[in-house]
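Worksheet: one structure, shown below.
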Amino acid sequence: MKHIFTYLLVLISSTTHLYSQEDTAITYFPAEQLIHQNCKNSKAPNQCLESIILKKVETALSNIENPTKTYKDTLNIFVNFNTNPVGEIIEDNILTFANDSIIRRKIGDSLKKSIAKIPAFRVENRKTEKYASVHAFNFYFRQGARHNFIPINTPENEIYQGGEITRIPIFEHQTYIDQRTDQRNFNSKIANHIRKQLRYPEIALEMGIQGVVYVNFKINKEGEVEKMRAKGPAPLIEEALSIISKLPTFRPGTLNGQAVSIAFTIPISFKL
């Protein structure tokens with residue numbers, strides 16, 4: 001299964017799958033296709049486009065300073081974006097992520113700028129704005145003897161095959177509108193939930209501790225919150241986990257109409 005990540009900027013101090021008739025009638029396939037100007041004569045335009053994105057990632061990695069550092073684990077970098085009606089990448093919608101925090105910090109902005117400069121595509125099987133396709137690319141690397149990064153084969157189920165229509169989880173009584181609005185409404189409701197539930201831990205008050213706790217969790221295929229983890233000042237972690245554990249059951253997120261588990265990271269700020 002492809003990895004789906006959502007990062008919510010919430011900086012404040014078995015469900016029934018009820019989809020509308022329009023949702024179930026949606027045509028997810030054939031998938032939206034982006035034809036790069038250098039791939040228009042290719043017999044495999046998806047693979048051609050994936051190789052172009054890979055080159056962007058490799059260039060960003062080669063520009064990392066301090067190349068003598070050793071990264072023991074396999075490095076995963078993914079790039080997501082969608083396009084406007086004339087096939088231009090929407091810069092504000094580009095998401096790049098590396099599973100290593102140091103690399104993520106060093107290549108994030110440069111890689112995003114590089115992706116944004118890709119010329120407009122010819123778009124085939126264009127979807128409506130309400131169900132805009134996301135184009136997701138996953139790349140894996142190992143570090144060579146000279147500390148350079150060498151691409152390794154992407155799992156078969158993560159090979160780019162065209163646009164994907166993703167829907168984030170929504171609260172049970174929300175109505176799907178469009179992806180951007182759904183995300184904004186979801187963020188707002190999460191923020192309201194945190195405001196109502198947050199209780200400053202007494203021990204943290206006594207010790208004068210404040211800071212941000214990052215809570216990682218998933219909303220699974222049944223819409224339930226699971227696999228919670230947190231990182232931050234120790235006296236604040238228990239409260240942050242308690243807040244997220246009190247979230248209700250959601251209508252689950254979907255990928256091309258099928259329910260999927262989606263990972264989230266929420267920063268919860270505790271301020272005195």
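In the structure tokens, the first chain shown is A, the next is B, and so on; residue numbers restart at 1 for each chain, and ligands run from 1 in the order shown.
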
So that each row is one residue of segment 180-220 of chain A with an atom at most 9 Å from segment 243-247 of chain A, can you give its shortest atom pair and the distance in Å to one decimal, using only C-alpha atoms, rows by chain and rising number, as a tab-separated table?
residue	atom	partner	partner_atom	distance
A:Ile190	CA	A:Leu247	CA	8.3
A:His193	CA	A:Leu247	CA	7.6
A:Ile194	CA	A:Ile243	CA	6.4
A:Gln197	CA	A:Ile243	CA	5.9
A:Leu198	CA	A:Ile243	CA	6.6
A:Arg199	CA	A:Ile243	CA	8.9
A:Val215	CA	A:Ile244	CA	7.9
A:Phe217	CA	A:Ile244	CA	8.4

Restricted to N, CA and C atoms, what would the selected residues look like written as an mmCIF file, in the first residue's frame?
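Written out: part_34.cif:
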data_model
loop_
_atom_site.group_PDB
_atom_site.id
_atom_site.type_symbol
_atom_site.label_atom_id
_atom_site.label_comp_id
_atom_site.auth_asym_id
_atom_site.auth_seq_id
_atom_site.Cartn_x
_atom_site.Cartn_y
_atom_site.Cartn_z
ATOM 1 N N ILE A 190 -10.274 19.652 14.355
ATOM 2 C CA ILE A 190 -9.239 19.081 15.217
ATOM 3 C C ILE A 190 -8.755 20.139 16.207
ATOM 4 N N HIS A 193 -11.253 20.615 18.919
ATOM 5 C CA HIS A 193 -11.210 19.474 19.835
ATOM 6 C C HIS A 193 -10.070 19.638 20.834
ATOM 7 N N ILE A 194 -8.899 20.049 20.350
ATOM 8 C CA ILE A 194 -7.745 20.191 21.239
ATOM 9 C C ILE A 194 -7.978 21.317 22.246
ATOM 10 N N GLN A 197 -10.260 20.016 24.985
ATOM 11 C CA GLN A 197 -9.776 18.904 25.792
ATOM 12 C C GLN A 197 -8.501 19.213 26.578
ATOM 13 N N LEU A 198 -7.752 20.227 26.152
ATOM 14 C CA LEU A 198 -6.442 20.459 26.749
ATOM 15 C C LEU A 198 -6.538 20.890 28.209
ATOM 16 N N ARG A 199 -5.846 20.161 29.064
ATOM 17 C CA ARG A 199 -5.705 20.504 30.471
ATOM 18 C C ARG A 199 -4.217 20.509 30.797
ATOM 19 N N VAL A 215 2.359 14.518 18.068
ATOM 20 C CA VAL A 215 1.642 13.247 18.219
ATOM 21 C C VAL A 215 1.455 12.616 16.842
ATOM 22 N N PHE A 217 -0.228 9.444 14.769
ATOM 23 C CA PHE A 217 -1.275 8.440 14.903
ATOM 24 C C PHE A 217 -1.841 8.117 13.529
#

Polymer residues at most 12 Å from segment 69-71 of chain A, only C-alpha atoms, same-chain spacing of 4 or more positions, as a ChimeraX atom specification: /A:64-65,75-76,99-103,141-150

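Computed from the coordinates, the atom CA of Ile177 of chain A to atom CA of Lys112 of chain A distance equals 27.4 Å.
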
Closest atom pairs, residues of segment 166-203 of chain A within 10 Å of segment 258-266 of chain A, only C-alpha atoms, as a tab-separated table:
residue	atom	partner	partner_atom	distance
A:Thr166	CA	A:Gln258	CA	9.2
A:Arg167	CA	A:Ala259	CA	9.1
A:Ile168	CA	A:Ile262	CA	7.7
A:Pro169	CA	A:Ile262	CA	8.1
A:Asn187	CA	A:Ile266	CA	9.8
A:Ile190	CA	A:Ile266	CA	9.3
A:Ala191	CA	A:Ile266	CA	9.8

Emit the selected residues as a PDB file, in the first residue's frame, including N, CA, C and O atoms.
ATOM      1  N   THR A 166      -7.542  10.971  -3.513  1.00  0.00           N
ATOM      2  CA  THR A 166      -7.532  10.691  -2.088  1.00  0.00           C
ATOM      3  C   THR A 166      -8.543  11.579  -1.372  1.00  0.00           C
ATOM      4  O   THR A 166      -8.742  12.734  -1.744  1.00  0.00           O
ATOM      5  N   ARG A 167      -9.175  11.032  -0.370  1.00  0.00           N
ATOM      6  CA  ARG A 167     -10.077  11.795   0.486  1.00  0.00           C
ATOM      7  C   ARG A 167      -9.609  11.594   1.911  1.00  0.00           C
ATOM      8  O   ARG A 167      -9.424  10.452   2.359  1.00  0.00           O
ATOM      9  N   ILE A 168      -9.397  12.689   2.638  1.00  0.00           N
ATOM     10  CA  ILE A 168      -8.982  12.563   4.024  1.00  0.00           C
ATOM     11  C   ILE A 168     -10.174  12.101   4.859  1.00  0.00           C
ATOM     12  O   ILE A 168     -11.321  12.239   4.441  1.00  0.00           O
ATOM     13  N   PRO A 169      -9.913  11.549   6.045  1.00  0.00           N
ATOM     14  CA  PRO A 169     -11.039  11.247   6.932  1.00  0.00           C
ATOM     15  C   PRO A 169     -11.785  12.533   7.283  1.00  0.00           C
ATOM     16  O   PRO A 169     -11.194  13.613   7.312  1.00  0.00           O
ATOM     17  N   ASN A 187      -8.972  20.393   9.764  1.00  0.00           N
ATOM     18  CA  ASN A 187      -7.994  21.045  10.638  1.00  0.00           C
ATOM     19  C   ASN A 187      -8.692  21.878  11.704  1.00  0.00           C
ATOM     20  O   ASN A 187      -8.307  21.877  12.878  1.00  0.00           O
ATOM     21  N   ILE A 190     -10.274  19.652  14.355  1.00  0.00           N
ATOM     22  CA  ILE A 190      -9.239  19.081  15.217  1.00  0.00           C
ATOM     23  C   ILE A 190      -8.755  20.139  16.207  1.00  0.00           C
ATOM     24  O   ILE A 190      -8.574  19.874  17.406  1.00  0.00           O
ATOM     25  N   ALA A 191      -8.533  21.375  15.719  1.00  0.00           N
ATOM     26  CA  ALA A 191      -8.082  22.460  16.585  1.00  0.00           C
ATOM     27  C   ALA A 191      -9.101  22.730  17.694  1.00  0.00           C
ATOM     28  O   ALA A 191      -8.736  22.913  18.864  1.00  0.00           O
TER      29      ALA A 191
END

DSSP alpha helix (DSSP H) residues within segment 62-161 of chain A, as a ChimeraX atom specification: /A:62,101-116

Output file for the residues above (all heavy atoms, as a tab-separated table (two decimals), in the first residue's frame):
chain	number	residue	atom	x	y	z
A	62	SER	N	22.45	14.96	-3.92
A	62	SER	CA	23.88	15.16	-4.22
A	62	SER	C	24.38	16.51	-3.73
A	62	SER	O	25.59	16.69	-3.56
A	62	SER	CB	24.12	15.04	-5.74
A	62	SER	OG	23.50	16.12	-6.43
A	101	SER	N	15.22	12.92	9.41
A	101	SER	CA	14.95	14.33	9.75
A	101	SER	C	16.03	15.27	9.24
A	101	SER	O	15.74	16.40	8.84
A	101	SER	CB	14.79	14.48	11.26
A	101	SER	OG	15.96	14.07	11.95
A	102	ILE	N	17.29	14.82	9.25
A	102	ILE	CA	18.38	15.69	8.78
A	102	ILE	C	18.26	15.93	7.29
A	102	ILE	O	18.33	17.07	6.81
A	102	ILE	CB	19.75	15.06	9.12
A	102	ILE	CG1	19.92	14.97	10.64
A	102	ILE	CG2	20.88	15.88	8.49
A	102	ILE	CD1	21.19	14.27	11.08
A	103	ILE	N	18.04	14.87	6.53
A	103	ILE	CA	17.88	15.01	5.08
A	103	ILE	C	16.63	15.80	4.76
A	103	ILE	O	16.61	16.63	3.85
A	103	ILE	CB	17.86	13.62	4.42
A	103	ILE	CG1	19.24	12.98	4.55
A	103	ILE	CG2	17.45	13.72	2.95
A	103	ILE	CD1	19.34	11.60	3.98
A	104	ARG	N	15.56	15.55	5.51
A	104	ARG	CA	14.32	16.29	5.30
A	104	ARG	C	14.55	17.79	5.43
A	104	ARG	O	14.06	18.58	4.63
A	104	ARG	CB	13.27	15.82	6.31
A	104	ARG	CG	11.92	16.49	6.16
A	104	ARG	CD	10.86	15.73	6.92
A	104	ARG	NE	11.04	15.76	8.36
A	104	ARG	CZ	11.31	14.69	9.11
A	104	ARG	NH1	11.44	13.51	8.56
A	104	ARG	NH2	11.43	14.80	10.41
A	105	ARG	N	15.32	18.17	6.42
A	105	ARG	CA	15.60	19.59	6.64
A	105	ARG	C	16.50	20.16	5.54
A	105	ARG	O	16.33	21.29	5.10
A	105	ARG	CB	16.27	19.77	8.00
A	105	ARG	CG	16.50	21.23	8.38
A	105	ARG	CD	17.06	21.35	9.79
A	105	ARG	NE	18.40	20.82	9.92
A	105	ARG	CZ	18.73	19.70	10.56
A	105	ARG	NH1	17.78	18.99	11.15
A	105	ARG	NH2	19.97	19.29	10.64
A	106	LYS	N	17.45	19.36	5.06
A	106	LYS	CA	18.44	19.88	4.12
A	106	LYS	C	17.94	19.95	2.68
A	106	LYS	O	18.42	20.78	1.91
A	106	LYS	CB	19.71	19.02	4.19
A	106	LYS	CG	20.50	19.22	5.48
A	106	LYS	CD	21.81	18.45	5.45
A	106	LYS	CE	22.65	18.78	6.68
A	106	LYS	NZ	23.96	18.07	6.67
A	107	ILE	N	17.03	19.09	2.30
A	107	ILE	CA	16.61	19.10	0.89
A	107	ILE	C	15.18	19.56	0.68
A	107	ILE	O	14.77	19.76	-0.46
A	107	ILE	CB	16.79	17.70	0.24
A	107	ILE	CG1	15.71	16.73	0.74
A	107	ILE	CG2	18.18	17.17	0.44
A	107	ILE	CD1	15.69	15.44	-0.05
A	108	GLY	N	14.42	19.74	1.76
A	108	GLY	CA	13.00	20.02	1.62
A	108	GLY	C	12.68	21.18	0.69
A	108	GLY	O	11.98	21.03	-0.31
A	109	ASP	N	13.21	22.37	1.00
A	109	ASP	CA	12.87	23.56	0.22
A	109	ASP	C	13.44	23.50	-1.19
A	109	ASP	O	12.78	23.86	-2.16
A	109	ASP	CB	13.37	24.82	0.93
A	109	ASP	CG	12.55	25.15	2.16
A	109	ASP	OD1	11.43	24.64	2.27
A	109	ASP	OD2	13.04	25.91	3.02
A	110	SER	N	14.69	23.04	-1.30
A	110	SER	CA	15.33	23.01	-2.63
A	110	SER	C	14.62	22.03	-3.55
A	110	SER	O	14.44	22.29	-4.74
A	110	SER	CB	16.81	22.65	-2.50
A	110	SER	OG	16.98	21.33	-1.99
A	111	LEU	N	14.19	20.90	-3.02
A	111	LEU	CA	13.50	19.90	-3.83
A	111	LEU	C	12.13	20.43	-4.26
A	111	LEU	O	11.72	20.28	-5.41
A	111	LEU	CB	13.36	18.59	-3.06
A	111	LEU	CG	12.65	17.44	-3.78
A	111	LEU	CD1	13.31	17.15	-5.12
A	111	LEU	CD2	12.64	16.20	-2.91
A	112	LYS	N	11.44	21.08	-3.35
A	112	LYS	CA	10.13	21.64	-3.67
A	112	LYS	C	10.25	22.68	-4.78
A	112	LYS	O	9.46	22.70	-5.73
A	112	LYS	CB	9.50	22.26	-2.43
A	112	LYS	CG	8.11	22.82	-2.67
A	112	LYS	CD	7.48	23.32	-1.38
A	112	LYS	CE	6.09	23.89	-1.64
A	112	LYS	NZ	5.44	24.34	-0.39
A	113	LYS	N	11.27	23.55	-4.71
A	113	LYS	CA	11.46	24.57	-5.74
A	113	LYS	C	11.80	23.93	-7.08
A	113	LYS	O	11.36	24.39	-8.14
A	113	LYS	CB	12.58	25.53	-5.31
A	113	LYS	CG	12.19	26.43	-4.14
A	113	LYS	CD	13.36	27.31	-3.72
A	113	LYS	CE	12.98	28.17	-2.52
A	113	LYS	NZ	14.13	28.99	-2.05
A	114	SER	N	12.58	22.87	-7.04
A	114	SER	CA	12.97	22.17	-8.27
A	114	SER	C	11.75	21.53	-8.93
A	114	SER	O	11.57	21.61	-10.15
A	114	SER	CB	14.02	21.10	-7.95
A	114	SER	OG	14.38	20.39	-9.10
A	115	ILE	N	10.88	20.91	-8.13
A	115	ILE	CA	9.67	20.29	-8.66
A	115	ILE	C	8.76	21.35	-9.27
A	115	ILE	O	8.15	21.15	-10.34
A	115	ILE	CB	8.92	19.52	-7.55
A	115	ILE	CG1	9.78	18.37	-7.01
A	115	ILE	CG2	7.59	19.00	-8.07
A	115	ILE	CD1	10.12	17.30	-8.00
A	116	ALA	N	8.68	22.50	-8.62
A	116	ALA	CA	7.78	23.57	-9.09
A	116	ALA	C	8.17	24.10	-10.46
A	116	ALA	O	7.34	24.66	-11.18
A	116	ALA	CB	7.77	24.71	-8.08

Residues within 6 Å of segment 223-237 of chain A, only C-alpha atoms, excluding chain neighbours under 6 positions, as a list in words: Ala204, Val213, Tyr214, Val215, Asn216, Phe217, Thr249, Phe250, Arg251 and Pro252 of chain A

For the selection just defined, write its residues with all heavy atoms to a file, as a PDB file, in the first residue's frame.
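Dumped everything to part-v3.pdb:
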ATOM      1  N   ALA A 204       3.734  19.848  35.153  1.00  0.00           N
ATOM      2  CA  ALA A 204       4.376  20.751  34.200  1.00  0.00           C
ATOM      3  C   ALA A 204       4.218  22.200  34.653  1.00  0.00           C
ATOM      4  O   ALA A 204       5.129  23.014  34.491  1.00  0.00           O
ATOM      5  CB  ALA A 204       3.781  20.558  32.806  1.00  0.00           C
ATOM      6  N   VAL A 213       4.420  19.155  21.743  1.00  0.00           N
ATOM      7  CA  VAL A 213       4.410  17.695  21.663  1.00  0.00           C
ATOM      8  C   VAL A 213       3.890  17.300  20.278  1.00  0.00           C
ATOM      9  O   VAL A 213       2.813  17.754  19.859  1.00  0.00           O
ATOM     10  CB  VAL A 213       3.521  17.067  22.749  1.00  0.00           C
ATOM     11  CG1 VAL A 213       3.492  15.544  22.585  1.00  0.00           C
ATOM     12  CG2 VAL A 213       4.028  17.436  24.135  1.00  0.00           C
ATOM     13  N   TYR A 214       4.652  16.492  19.562  1.00  0.00           N
ATOM     14  CA  TYR A 214       4.249  16.004  18.244  1.00  0.00           C
ATOM     15  C   TYR A 214       3.625  14.620  18.420  1.00  0.00           C
ATOM     16  O   TYR A 214       4.296  13.682  18.868  1.00  0.00           O
ATOM     17  CB  TYR A 214       5.443  15.936  17.298  1.00  0.00           C
ATOM     18  CG  TYR A 214       5.979  17.291  16.942  1.00  0.00           C
ATOM     19  CD1 TYR A 214       6.925  17.923  17.755  1.00  0.00           C
ATOM     20  CD2 TYR A 214       5.545  17.964  15.803  1.00  0.00           C
ATOM     21  CE1 TYR A 214       7.415  19.191  17.443  1.00  0.00           C
ATOM     22  CE2 TYR A 214       6.028  19.225  15.481  1.00  0.00           C
ATOM     23  CZ  TYR A 214       6.957  19.829  16.308  1.00  0.00           C
ATOM     24  OH  TYR A 214       7.436  21.075  15.991  1.00  0.00           O
ATOM     25  N   VAL A 215       2.359  14.518  18.068  1.00  0.00           N
ATOM     26  CA  VAL A 215       1.642  13.247  18.219  1.00  0.00           C
ATOM     27  C   VAL A 215       1.455  12.616  16.842  1.00  0.00           C
ATOM     28  O   VAL A 215       0.883  13.233  15.934  1.00  0.00           O
ATOM     29  CB  VAL A 215       0.270  13.450  18.892  1.00  0.00           C
ATOM     30  CG1 VAL A 215      -0.414  12.095  19.093  1.00  0.00           C
ATOM     31  CG2 VAL A 215       0.419  14.181  20.223  1.00  0.00           C
ATOM     32  N   ASN A 216       1.948  11.404  16.684  1.00  0.00           N
ATOM     33  CA  ASN A 216       1.753  10.628  15.459  1.00  0.00           C
ATOM     34  C   ASN A 216       0.666   9.590  15.709  1.00  0.00           C
ATOM     35  O   ASN A 216       0.654   8.933  16.754  1.00  0.00           O
ATOM     36  CB  ASN A 216       3.047   9.910  15.055  1.00  0.00           C
ATOM     37  CG  ASN A 216       4.195  10.863  14.841  1.00  0.00           C
ATOM     38  OD1 ASN A 216       4.077  11.822  14.101  1.00  0.00           O
ATOM     39  ND2 ASN A 216       5.314  10.614  15.511  1.00  0.00           N
ATOM     40  N   PHE A 217      -0.228   9.444  14.769  1.00  0.00           N
ATOM     41  CA  PHE A 217      -1.275   8.440  14.903  1.00  0.00           C
ATOM     42  C   PHE A 217      -1.841   8.117  13.529  1.00  0.00           C
ATOM     43  O   PHE A 217      -1.530   8.781  12.535  1.00  0.00           O
ATOM     44  CB  PHE A 217      -2.393   8.926  15.833  1.00  0.00           C
ATOM     45  CG  PHE A 217      -3.142  10.135  15.333  1.00  0.00           C
ATOM     46  CD1 PHE A 217      -4.335  10.005  14.637  1.00  0.00           C
ATOM     47  CD2 PHE A 217      -2.652  11.411  15.560  1.00  0.00           C
ATOM     48  CE1 PHE A 217      -5.022  11.116  14.171  1.00  0.00           C
ATOM     49  CE2 PHE A 217      -3.339  12.537  15.109  1.00  0.00           C
ATOM     50  CZ  PHE A 217      -4.524  12.390  14.410  1.00  0.00           C
ATOM     51  N   THR A 249     -14.868   8.552  16.311  1.00  0.00           N
ATOM     52  CA  THR A 249     -14.718   7.718  15.125  1.00  0.00           C
ATOM     53  C   THR A 249     -15.070   8.556  13.897  1.00  0.00           C
ATOM     54  O   THR A 249     -16.048   9.295  13.898  1.00  0.00           O
ATOM     55  CB  THR A 249     -15.636   6.491  15.203  1.00  0.00           C
ATOM     56  OG1 THR A 249     -15.263   5.719  16.344  1.00  0.00           O
ATOM     57  CG2 THR A 249     -15.504   5.631  13.942  1.00  0.00           C
ATOM     58  N   PHE A 250     -14.250   8.447  12.865  1.00  0.00           N
ATOM     59  CA  PHE A 250     -14.397   9.254  11.658  1.00  0.00           C
ATOM     60  C   PHE A 250     -15.010   8.438  10.524  1.00  0.00           C
ATOM     61  O   PHE A 250     -15.028   7.205  10.563  1.00  0.00           O
ATOM     62  CB  PHE A 250     -13.026   9.759  11.191  1.00  0.00           C
ATOM     63  CG  PHE A 250     -12.359  10.694  12.140  1.00  0.00           C
ATOM     64  CD1 PHE A 250     -11.610  10.219  13.207  1.00  0.00           C
ATOM     65  CD2 PHE A 250     -12.453  12.068  11.966  1.00  0.00           C
ATOM     66  CE1 PHE A 250     -10.979  11.081  14.083  1.00  0.00           C
ATOM     67  CE2 PHE A 250     -11.824  12.942  12.845  1.00  0.00           C
ATOM     68  CZ  PHE A 250     -11.093  12.456  13.902  1.00  0.00           C
ATOM     69  N   ARG A 251     -15.445   9.130   9.501  1.00  0.00           N
ATOM     70  CA  ARG A 251     -15.633   8.481   8.212  1.00  0.00           C
ATOM     71  C   ARG A 251     -14.235   8.332   7.627  1.00  0.00           C
ATOM     72  O   ARG A 251     -13.498   9.322   7.507  1.00  0.00           O
ATOM     73  CB  ARG A 251     -16.515   9.327   7.315  1.00  0.00           C
ATOM     74  CG  ARG A 251     -17.969   9.416   7.792  1.00  0.00           C
ATOM     75  CD  ARG A 251     -18.774  10.421   6.996  1.00  0.00           C
ATOM     76  NE  ARG A 251     -18.868  10.061   5.597  1.00  0.00           N
ATOM     77  CZ  ARG A 251     -19.510  10.793   4.690  1.00  0.00           C
ATOM     78  NH1 ARG A 251     -20.076  11.939   5.045  1.00  0.00           N
ATOM     79  NH2 ARG A 251     -19.580  10.401   3.440  1.00  0.00           N
ATOM     80  N   PRO A 252     -13.794   7.128   7.304  1.00  0.00           N
ATOM     81  CA  PRO A 252     -12.384   6.916   6.960  1.00  0.00           C
ATOM     82  C   PRO A 252     -11.972   7.588   5.659  1.00  0.00           C
ATOM     83  O   PRO A 252     -12.796   7.883   4.791  1.00  0.00           O
ATOM     84  CB  PRO A 252     -12.282   5.388   6.828  1.00  0.00           C
ATOM     85  CG  PRO A 252     -13.674   4.958   6.491  1.00  0.00           C
ATOM     86  CD  PRO A 252     -14.583   5.893   7.225  1.00  0.00           C
TER      87      PRO A 252
END

DSSP strand (DSSP E or B) residues within segment 26-261 of chain A, listed as a PyMOL selection string: chain A and resi 33-35+75-81+83+89+95-98+122-124+134-143+149-152+164+166-167+170-171+211-219+225-231+250-251+254-255+258-259

Residue contacts of Lys130 of chain A (9 Å, only C-alpha atoms) excluding same-chain residues fewer than 3 positions away, as a PyMOL selection string: chain A and resi 127+176-180

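The interatomic distance for the pair atom CA of Leu95 of chain A and atom CA of Asn80 of chain A works out to 5.0 Å.
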
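Nearest residue to Glu164 of chain A, choosing from A:Asn38, A:Thr74, A:Gln33, A:Asn138 and counting only C-alpha atoms: A:Gln33.
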
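One finds atom CA of Phe78 of chain A at 5.5 Å from atom CA of Phe97 of chain A.
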